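Dumped run-v5.cif below, it's mmCIF, N, CA and C atoms:
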```cif
data_run
loop_
_atom_site.label_atom_id
_atom_site.label_comp_id
_atom_site.auth_asym_id
_atom_site.auth_seq_id
_atom_site.Cartn_x
_atom_site.Cartn_y
_atom_site.Cartn_z
N MET T 1 -1.07 -55.93 -27.17
CA MET T 1 -2.22 -56.58 -27.78
C MET T 1 -3.36 -56.60 -26.77
N GLU T 2 -4.54 -56.51 -27.29
CA GLU T 2 -5.69 -56.51 -26.40
C GLU T 2 -6.70 -57.52 -26.92
N LYS T 3 -7.50 -58.04 -26.01
CA LYS T 3 -8.54 -58.99 -26.39
C LYS T 3 -9.90 -58.36 -26.23
N LYS T 4 -10.80 -58.70 -27.12
CA LYS T 4 -12.19 -58.29 -26.94
C LYS T 4 -12.77 -59.08 -25.78
N ASN T 5 -13.85 -58.60 -25.20
CA ASN T 5 -14.47 -59.29 -24.08
C ASN T 5 -15.47 -60.35 -24.50
N ASP T 6 -15.87 -60.36 -25.77
CA ASP T 6 -16.85 -61.33 -26.27
C ASP T 6 -16.16 -62.68 -26.49
N TYR T 7 -16.44 -63.64 -25.63
CA TYR T 7 -15.72 -64.91 -25.67
C TYR T 7 -16.14 -65.79 -26.85
N ASP T 8 -17.36 -65.59 -27.39
CA ASP T 8 -17.79 -66.37 -28.54
C ASP T 8 -17.00 -65.98 -29.78
N ASP T 9 -16.62 -64.73 -29.87
CA ASP T 9 -15.90 -64.23 -31.04
C ASP T 9 -14.58 -63.64 -30.56
N GLU T 10 -13.82 -64.43 -29.79
CA GLU T 10 -12.59 -63.94 -29.20
C GLU T 10 -11.58 -63.66 -30.30
N GLU T 11 -11.15 -62.42 -30.35
CA GLU T 11 -10.26 -62.00 -31.42
C GLU T 11 -9.14 -61.16 -30.83
N MET T 12 -7.91 -61.58 -31.10
CA MET T 12 -6.76 -60.80 -30.65
C MET T 12 -6.57 -59.65 -31.63
N THR T 13 -6.28 -58.48 -31.10
CA THR T 13 -5.99 -57.34 -31.96
C THR T 13 -4.69 -56.69 -31.53
N VAL T 14 -4.08 -55.98 -32.46
CA VAL T 14 -2.86 -55.24 -32.18
C VAL T 14 -2.97 -53.89 -32.89
N GLU T 15 -2.44 -52.84 -32.28
CA GLU T 15 -2.48 -51.53 -32.89
C GLU T 15 -1.09 -51.23 -33.44
N LEU T 16 -1.01 -50.97 -34.76
CA LEU T 16 0.26 -50.68 -35.42
C LEU T 16 0.36 -49.19 -35.72
N GLU T 17 1.57 -48.65 -35.55
CA GLU T 17 1.82 -47.29 -35.99
C GLU T 17 2.55 -47.38 -37.33
N LEU T 18 1.94 -46.81 -38.36
CA LEU T 18 2.53 -46.84 -39.69
C LEU T 18 3.60 -45.76 -39.83
N GLU T 19 4.37 -45.83 -40.91
CA GLU T 19 5.47 -44.88 -41.12
C GLU T 19 4.98 -43.43 -41.15
N ASP T 20 3.74 -43.21 -41.60
CA ASP T 20 3.21 -41.84 -41.66
C ASP T 20 2.60 -41.39 -40.33
N GLY T 21 2.73 -42.23 -39.28
CA GLY T 21 2.24 -41.87 -37.96
C GLY T 21 0.81 -42.30 -37.66
N ARG T 22 0.10 -42.79 -38.69
CA ARG T 22 -1.27 -43.25 -38.46
C ARG T 22 -1.26 -44.53 -37.64
N LEU T 23 -2.29 -44.69 -36.80
CA LEU T 23 -2.47 -45.93 -36.03
C LEU T 23 -3.54 -46.76 -36.72
N VAL T 24 -3.26 -48.04 -36.90
CA VAL T 24 -4.21 -48.95 -37.54
C VAL T 24 -4.43 -50.13 -36.60
N ASN T 25 -5.69 -50.41 -36.29
CA ASN T 25 -6.04 -51.56 -35.48
C ASN T 25 -6.11 -52.77 -36.42
N CYS T 26 -5.47 -53.88 -36.03
CA CYS T 26 -5.43 -55.07 -36.87
C CYS T 26 -5.85 -56.30 -36.07
N ALA T 27 -6.60 -57.18 -36.72
CA ALA T 27 -6.93 -58.47 -36.11
C ALA T 27 -5.78 -59.43 -36.39
N VAL T 28 -5.40 -60.19 -35.38
CA VAL T 28 -4.36 -61.20 -35.56
C VAL T 28 -5.02 -62.44 -36.15
N VAL T 29 -4.59 -62.82 -37.36
CA VAL T 29 -5.15 -63.99 -38.02
C VAL T 29 -4.46 -65.25 -37.51
N THR T 30 -3.14 -65.25 -37.55
CA THR T 30 -2.37 -66.41 -37.09
C THR T 30 -0.90 -66.04 -36.99
N ILE T 31 -0.16 -66.90 -36.32
CA ILE T 31 1.31 -66.81 -36.31
C ILE T 31 1.81 -68.06 -37.01
N LEU T 32 2.65 -67.85 -38.01
CA LEU T 32 3.18 -68.95 -38.83
C LEU T 32 4.67 -69.11 -38.57
N THR T 33 5.17 -70.33 -38.66
CA THR T 33 6.61 -70.56 -38.61
C THR T 33 7.05 -71.02 -39.98
N VAL T 34 7.98 -70.28 -40.56
CA VAL T 34 8.52 -70.58 -41.88
C VAL T 34 10.04 -70.59 -41.76
N GLU T 35 10.63 -71.73 -42.09
CA GLU T 35 12.09 -71.88 -42.02
C GLU T 35 12.64 -71.41 -40.67
N SER T 36 12.04 -71.88 -39.60
CA SER T 36 12.45 -71.63 -38.22
C SER T 36 12.28 -70.19 -37.75
N LYS T 37 11.58 -69.37 -38.52
CA LYS T 37 11.29 -67.99 -38.09
C LYS T 37 9.78 -67.84 -37.95
N ASP T 38 9.36 -67.01 -36.98
CA ASP T 38 7.94 -66.76 -36.77
C ASP T 38 7.50 -65.49 -37.50
N TYR T 39 6.29 -65.57 -38.05
CA TYR T 39 5.68 -64.45 -38.76
C TYR T 39 4.24 -64.32 -38.29
N ILE T 40 3.73 -63.10 -38.34
CA ILE T 40 2.36 -62.86 -37.93
C ILE T 40 1.58 -62.35 -39.14
N ALA T 41 0.35 -62.84 -39.28
CA ALA T 41 -0.56 -62.38 -40.33
C ALA T 41 -1.61 -61.50 -39.68
N LEU T 42 -1.72 -60.26 -40.17
CA LEU T 42 -2.64 -59.28 -39.60
C LEU T 42 -3.65 -58.82 -40.64
N LEU T 43 -4.86 -58.61 -40.18
CA LEU T 43 -5.95 -58.12 -41.02
C LEU T 43 -6.22 -56.67 -40.60
N PRO T 44 -5.81 -55.68 -41.40
CA PRO T 44 -6.06 -54.28 -41.01
C PRO T 44 -7.55 -53.98 -40.99
N LEU T 45 -8.00 -53.31 -39.94
CA LEU T 45 -9.43 -53.03 -39.75
C LEU T 45 -9.70 -51.54 -39.93
N ASP T 46 -10.88 -51.22 -40.48
CA ASP T 46 -11.27 -49.81 -40.61
C ASP T 46 -11.89 -49.33 -39.29
N GLU T 47 -12.44 -48.11 -39.32
CA GLU T 47 -13.01 -47.52 -38.11
C GLU T 47 -14.16 -48.36 -37.53
N ASN T 48 -14.81 -49.15 -38.39
CA ASN T 48 -15.93 -49.98 -37.95
C ASN T 48 -15.50 -51.39 -37.54
N GLY T 49 -14.18 -51.62 -37.51
CA GLY T 49 -13.68 -52.93 -37.12
C GLY T 49 -13.85 -53.97 -38.22
N GLU T 50 -13.89 -53.52 -39.48
CA GLU T 50 -14.09 -54.43 -40.60
C GLU T 50 -12.93 -54.33 -41.58
N ASN T 51 -12.81 -55.35 -42.43
CA ASN T 51 -11.81 -55.36 -43.49
C ASN T 51 -12.54 -55.70 -44.78
N GLU T 52 -12.89 -54.67 -45.53
CA GLU T 52 -13.68 -54.85 -46.76
C GLU T 52 -12.84 -55.41 -47.91
N GLU T 53 -11.55 -55.05 -47.96
CA GLU T 53 -10.72 -55.41 -49.10
C GLU T 53 -10.08 -56.79 -48.99
N GLY T 54 -10.08 -57.41 -47.84
CA GLY T 54 -9.44 -58.71 -47.67
C GLY T 54 -7.93 -58.64 -47.66
N GLU T 55 -7.40 -57.45 -47.42
CA GLU T 55 -5.96 -57.24 -47.38
C GLU T 55 -5.37 -57.88 -46.11
N VAL T 56 -4.22 -58.55 -46.26
CA VAL T 56 -3.53 -59.15 -45.12
C VAL T 56 -2.09 -58.64 -45.12
N TRP T 57 -1.60 -58.28 -43.95
CA TRP T 57 -0.23 -57.81 -43.81
C TRP T 57 0.58 -58.88 -43.09
N PHE T 58 1.83 -59.08 -43.51
CA PHE T 58 2.74 -60.04 -42.88
C PHE T 58 3.93 -59.30 -42.28
N TYR T 59 4.31 -59.71 -41.06
CA TYR T 59 5.49 -59.16 -40.38
C TYR T 59 6.27 -60.30 -39.73
N ARG T 60 7.58 -60.10 -39.58
CA ARG T 60 8.36 -61.00 -38.73
C ARG T 60 7.88 -60.77 -37.31
N TYR T 61 7.85 -61.84 -36.52
CA TYR T 61 7.27 -61.77 -35.18
C TYR T 61 8.25 -62.40 -34.21
N SER T 62 8.53 -61.73 -33.10
CA SER T 62 9.38 -62.33 -32.07
C SER T 62 8.94 -61.87 -30.69
N GLU T 63 9.11 -62.78 -29.74
CA GLU T 63 8.80 -62.49 -28.34
C GLU T 63 10.06 -62.66 -27.52
N ASN T 64 10.10 -62.02 -26.38
CA ASN T 64 11.21 -62.19 -25.45
C ASN T 64 10.88 -63.41 -24.58
N PRO T 65 11.59 -64.54 -24.76
CA PRO T 65 11.27 -65.74 -23.99
C PRO T 65 11.49 -65.58 -22.49
N GLU T 66 12.29 -64.59 -22.10
CA GLU T 66 12.57 -64.37 -20.68
C GLU T 66 11.52 -63.48 -20.02
N ASP T 67 10.72 -62.77 -20.81
CA ASP T 67 9.68 -61.91 -20.25
C ASP T 67 8.43 -62.00 -21.12
N PRO T 68 7.54 -62.97 -20.82
CA PRO T 68 6.35 -63.16 -21.64
C PRO T 68 5.39 -61.96 -21.62
N ASN T 69 5.54 -61.05 -20.65
CA ASN T 69 4.68 -59.88 -20.58
C ASN T 69 5.15 -58.73 -21.47
N GLU T 70 6.37 -58.84 -21.98
CA GLU T 70 6.91 -57.80 -22.85
C GLU T 70 6.19 -57.83 -24.19
N GLU T 71 5.96 -56.66 -24.77
CA GLU T 71 5.29 -56.57 -26.07
C GLU T 71 6.10 -57.31 -27.13
N PRO T 72 5.45 -58.10 -27.99
CA PRO T 72 6.16 -58.75 -29.09
C PRO T 72 6.72 -57.70 -30.06
N ILE T 73 7.74 -58.10 -30.80
CA ILE T 73 8.36 -57.21 -31.78
C ILE T 73 7.91 -57.63 -33.17
N LEU T 74 7.45 -56.65 -33.97
CA LEU T 74 7.07 -56.89 -35.35
C LEU T 74 8.04 -56.15 -36.25
N ASP T 75 8.60 -56.87 -37.23
CA ASP T 75 9.55 -56.26 -38.17
C ASP T 75 9.04 -56.41 -39.59
N TYR T 76 9.32 -55.40 -40.42
CA TYR T 76 8.96 -55.47 -41.83
C TYR T 76 9.74 -56.60 -42.50
N ILE T 77 9.11 -57.21 -43.49
CA ILE T 77 9.78 -58.21 -44.33
C ILE T 77 10.17 -57.48 -45.60
N ASP T 78 11.46 -57.18 -45.76
CA ASP T 78 11.88 -56.40 -46.92
C ASP T 78 12.49 -57.26 -48.03
N ASP T 79 12.58 -58.56 -47.83
CA ASP T 79 13.11 -59.47 -48.84
C ASP T 79 11.95 -60.14 -49.58
N ASP T 80 11.90 -59.97 -50.91
CA ASP T 80 10.78 -60.50 -51.70
C ASP T 80 10.65 -62.01 -51.60
N ASP T 81 11.77 -62.74 -51.62
CA ASP T 81 11.72 -64.20 -51.53
C ASP T 81 11.15 -64.64 -50.18
N GLU T 82 11.60 -63.99 -49.12
CA GLU T 82 11.11 -64.31 -47.77
C GLU T 82 9.61 -64.03 -47.69
N TYR T 83 9.18 -62.89 -48.25
CA TYR T 83 7.76 -62.52 -48.22
C TYR T 83 6.92 -63.56 -48.96
N GLU T 84 7.40 -64.00 -50.12
CA GLU T 84 6.67 -64.99 -50.91
C GLU T 84 6.53 -66.32 -50.17
N LYS T 85 7.56 -66.72 -49.44
CA LYS T 85 7.49 -67.96 -48.65
C LYS T 85 6.43 -67.85 -47.55
N VAL T 86 6.37 -66.68 -46.92
CA VAL T 86 5.37 -66.46 -45.87
C VAL T 86 3.97 -66.45 -46.49
N GLU T 87 3.85 -65.82 -47.65
CA GLU T 87 2.56 -65.76 -48.35
C GLU T 87 2.09 -67.18 -48.72
N GLU T 88 3.00 -68.02 -49.19
CA GLU T 88 2.66 -69.41 -49.52
C GLU T 88 2.23 -70.19 -48.28
N ALA T 89 2.94 -69.98 -47.18
CA ALA T 89 2.58 -70.66 -45.92
C ALA T 89 1.21 -70.20 -45.45
N PHE T 90 0.89 -68.92 -45.64
CA PHE T 90 -0.42 -68.40 -45.24
C PHE T 90 -1.51 -68.99 -46.12
N ASP T 91 -1.27 -69.11 -47.43
CA ASP T 91 -2.24 -69.73 -48.33
C ASP T 91 -2.52 -71.17 -47.91
N GLU T 92 -1.46 -71.88 -47.53
CA GLU T 92 -1.62 -73.26 -47.05
C GLU T 92 -2.44 -73.29 -45.76
N PHE T 93 -2.17 -72.33 -44.86
CA PHE T 93 -2.94 -72.21 -43.62
C PHE T 93 -4.43 -72.02 -43.94
N LEU T 94 -4.72 -71.12 -44.91
CA LEU T 94 -6.12 -70.88 -45.28
C LEU T 94 -6.76 -72.13 -45.88
N ASP T 95 -6.01 -72.85 -46.72
CA ASP T 95 -6.53 -74.09 -47.30
C ASP T 95 -6.88 -75.09 -46.20
N ASN T 96 -6.03 -75.20 -45.19
CA ASN T 96 -6.29 -76.12 -44.07
C ASN T 96 -7.50 -75.68 -43.27
N CYS T 97 -7.67 -74.36 -43.09
CA CYS T 97 -8.84 -73.85 -42.36
C CYS T 97 -10.12 -74.20 -43.09
N GLU T 98 -10.11 -74.00 -44.42
CA GLU T 98 -11.31 -74.32 -45.20
C GLU T 98 -11.61 -75.81 -45.15
N PHE T 99 -10.57 -76.65 -45.20
CA PHE T 99 -10.75 -78.08 -45.11
C PHE T 99 -11.35 -78.45 -43.76
N ASP T 100 -10.82 -77.85 -42.69
CA ASP T 100 -11.34 -78.12 -41.34
C ASP T 100 -12.81 -77.74 -41.23
N GLU T 101 -13.20 -76.60 -41.84
CA GLU T 101 -14.60 -76.18 -41.79
C GLU T 101 -15.48 -77.19 -42.52
N LEU T 102 -15.02 -77.73 -43.64
CA LEU T 102 -15.79 -78.71 -44.39
C LEU T 102 -15.96 -80.00 -43.59
N VAL T 103 -14.90 -80.42 -42.90
CA VAL T 103 -14.94 -81.64 -42.10
C VAL T 103 -15.88 -81.48 -40.91
N ASP T 104 -15.88 -80.28 -40.31
CA ASP T 104 -16.71 -80.03 -39.12
C ASP T 104 -18.21 -79.99 -39.44
N GLU T 105 -18.57 -79.71 -40.70
CA GLU T 105 -19.99 -79.55 -41.04
C GLU T 105 -20.73 -80.85 -41.08
#
```
Show me, as structure tokens, the structure contained in the file I just sent.
Amino acid sequence: MEKKNDYDDEEMTVELELEDGRLVNCAVVTILTVESKDYIALLPLDENGENEEGEVWFYRYSENPEDPNEEPILDYIDDDDEYEKVEEAFDEFLDNCEFDELVDE
């Protein structure tokens, strides 16, 4: 993962290699914990660093607790029920973000 240098708009990004070999740069939206497992929400970015469609990708997320410098592992979520639980947790995360923005104004 790499960080942009602009501290006002600090955004973590990760580069994913898709099954067809393409590399896609993604912004890290958040890491969620659902039923004691960690998941990462990623926003795939186009060549201009934008996401026009609002598409979000979810993956299982794990780190090596013994080596914090090791790259995190992202795994596909192939179970529909598990995916739906993560999607619901992400929707709740978004609702809380919107509420926080309203409170801050």
As a ChimeraX atom specification, please: every residue in chain T that a backbone DSSP assignment puts in strand (DSSP E or B). /T:2-3,12-17,23-34,37-44,57-62,73-75
Expected selection from the PyMOL selection byres ((chain T and resi 74-91) around 5), given as a list in words: Tyr59, Arg60, Tyr61, Pro72, Ile73, Glu92, Phe93, Leu94 and Asp95 of chain T
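Within chain T, DSSP applied to the backbone places the following residues in alpha helix (DSSP H): Asp80, Asp81, Glu82, Tyr83, Glu84, Lys85, Val86, Glu87, Glu88, Ala89, Phe90, Asp91, Glu92, Phe93, Leu94, Asp95, Asn96, Cys97, Glu98, Phe99, Asp100, Glu101, Leu102, Val103 and Asp104 of chain T.
With only C-alpha atoms as the atoms that count, the minimum distance from T:Val29 to the choices T:Asp46, T:Pro65, T:Glu17, T:Cys97 is reached by T:Cys97.
Computed from the coordinates, the atom C of T:Glu55 to atom C of T:Ser36 distance equals 23.1 Å.
Residue membership of the PyMOL selection byres ((chain T and resi 31) around 8) in the shown file amounts to Val28, Val29, Thr30, Leu32, Thr33, Val34, Asp38, Tyr39, Ile40, Ala41, Leu42 and Tyr61 of chain T.
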Residues from last step as file, N, CA and C atoms, as a PDB file, keeping the file's coordinate frame:
```pdb
ATOM      1  N   VAL T  28      -5.400 -60.190 -35.380  1.00  0.00           N
ATOM      2  CA  VAL T  28      -4.360 -61.200 -35.560  1.00  0.00           C
ATOM      3  C   VAL T  28      -5.020 -62.440 -36.150  1.00  0.00           C
ATOM      4  N   VAL T  29      -4.590 -62.820 -37.360  1.00  0.00           N
ATOM      5  CA  VAL T  29      -5.150 -63.990 -38.020  1.00  0.00           C
ATOM      6  C   VAL T  29      -4.460 -65.250 -37.510  1.00  0.00           C
ATOM      7  N   THR T  30      -3.140 -65.250 -37.550  1.00  0.00           N
ATOM      8  CA  THR T  30      -2.370 -66.410 -37.090  1.00  0.00           C
ATOM      9  C   THR T  30      -0.900 -66.040 -36.990  1.00  0.00           C
ATOM     10  N   LEU T  32       2.650 -67.850 -38.010  1.00  0.00           N
ATOM     11  CA  LEU T  32       3.180 -68.950 -38.830  1.00  0.00           C
ATOM     12  C   LEU T  32       4.670 -69.110 -38.570  1.00  0.00           C
ATOM     13  N   THR T  33       5.170 -70.330 -38.660  1.00  0.00           N
ATOM     14  CA  THR T  33       6.610 -70.560 -38.610  1.00  0.00           C
ATOM     15  C   THR T  33       7.050 -71.020 -39.980  1.00  0.00           C
ATOM     16  N   VAL T  34       7.980 -70.280 -40.560  1.00  0.00           N
ATOM     17  CA  VAL T  34       8.520 -70.580 -41.880  1.00  0.00           C
ATOM     18  C   VAL T  34      10.040 -70.590 -41.760  1.00  0.00           C
ATOM     19  N   ASP T  38       9.360 -67.010 -36.980  1.00  0.00           N
ATOM     20  CA  ASP T  38       7.940 -66.760 -36.770  1.00  0.00           C
ATOM     21  C   ASP T  38       7.500 -65.490 -37.500  1.00  0.00           C
ATOM     22  N   TYR T  39       6.290 -65.570 -38.050  1.00  0.00           N
ATOM     23  CA  TYR T  39       5.680 -64.450 -38.760  1.00  0.00           C
ATOM     24  C   TYR T  39       4.240 -64.320 -38.290  1.00  0.00           C
ATOM     25  N   ILE T  40       3.730 -63.100 -38.340  1.00  0.00           N
ATOM     26  CA  ILE T  40       2.360 -62.860 -37.930  1.00  0.00           C
ATOM     27  C   ILE T  40       1.580 -62.350 -39.140  1.00  0.00           C
ATOM     28  N   ALA T  41       0.350 -62.840 -39.280  1.00  0.00           N
ATOM     29  CA  ALA T  41      -0.560 -62.380 -40.330  1.00  0.00           C
ATOM     30  C   ALA T  41      -1.610 -61.500 -39.680  1.00  0.00           C
ATOM     31  N   LEU T  42      -1.720 -60.260 -40.170  1.00  0.00           N
ATOM     32  CA  LEU T  42      -2.640 -59.280 -39.600  1.00  0.00           C
ATOM     33  C   LEU T  42      -3.650 -58.820 -40.640  1.00  0.00           C
ATOM     34  N   TYR T  61       7.850 -61.840 -36.520  1.00  0.00           N
ATOM     35  CA  TYR T  61       7.270 -61.770 -35.180  1.00  0.00           C
ATOM     36  C   TYR T  61       8.250 -62.400 -34.210  1.00  0.00           C
TER      37      TYR T  61
END
```
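Of the residues under consideration (T:Asn96, T:Ala27, T:Lys37, T:Asn69), T:Ala27 shows the shortest atom-to-atom contact distance to T:Val56 when counting only C-alpha atoms.
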Name the residues that the PyMOL selection byres (((chain T and resi 49 and name CA) around 12) and name CA) pulls out of this structure, and write them as number ranges by chain. T: 4, 11, 13, 24-27, 43-48, 50-52
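We find atom C of T:Glu35 and atom C of T:Glu53 to be spaced 28.3 Å apart.
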Atom pair atom CA of T:Asn64 / atom N of T:Met12: separation (Å): 19.9 Å
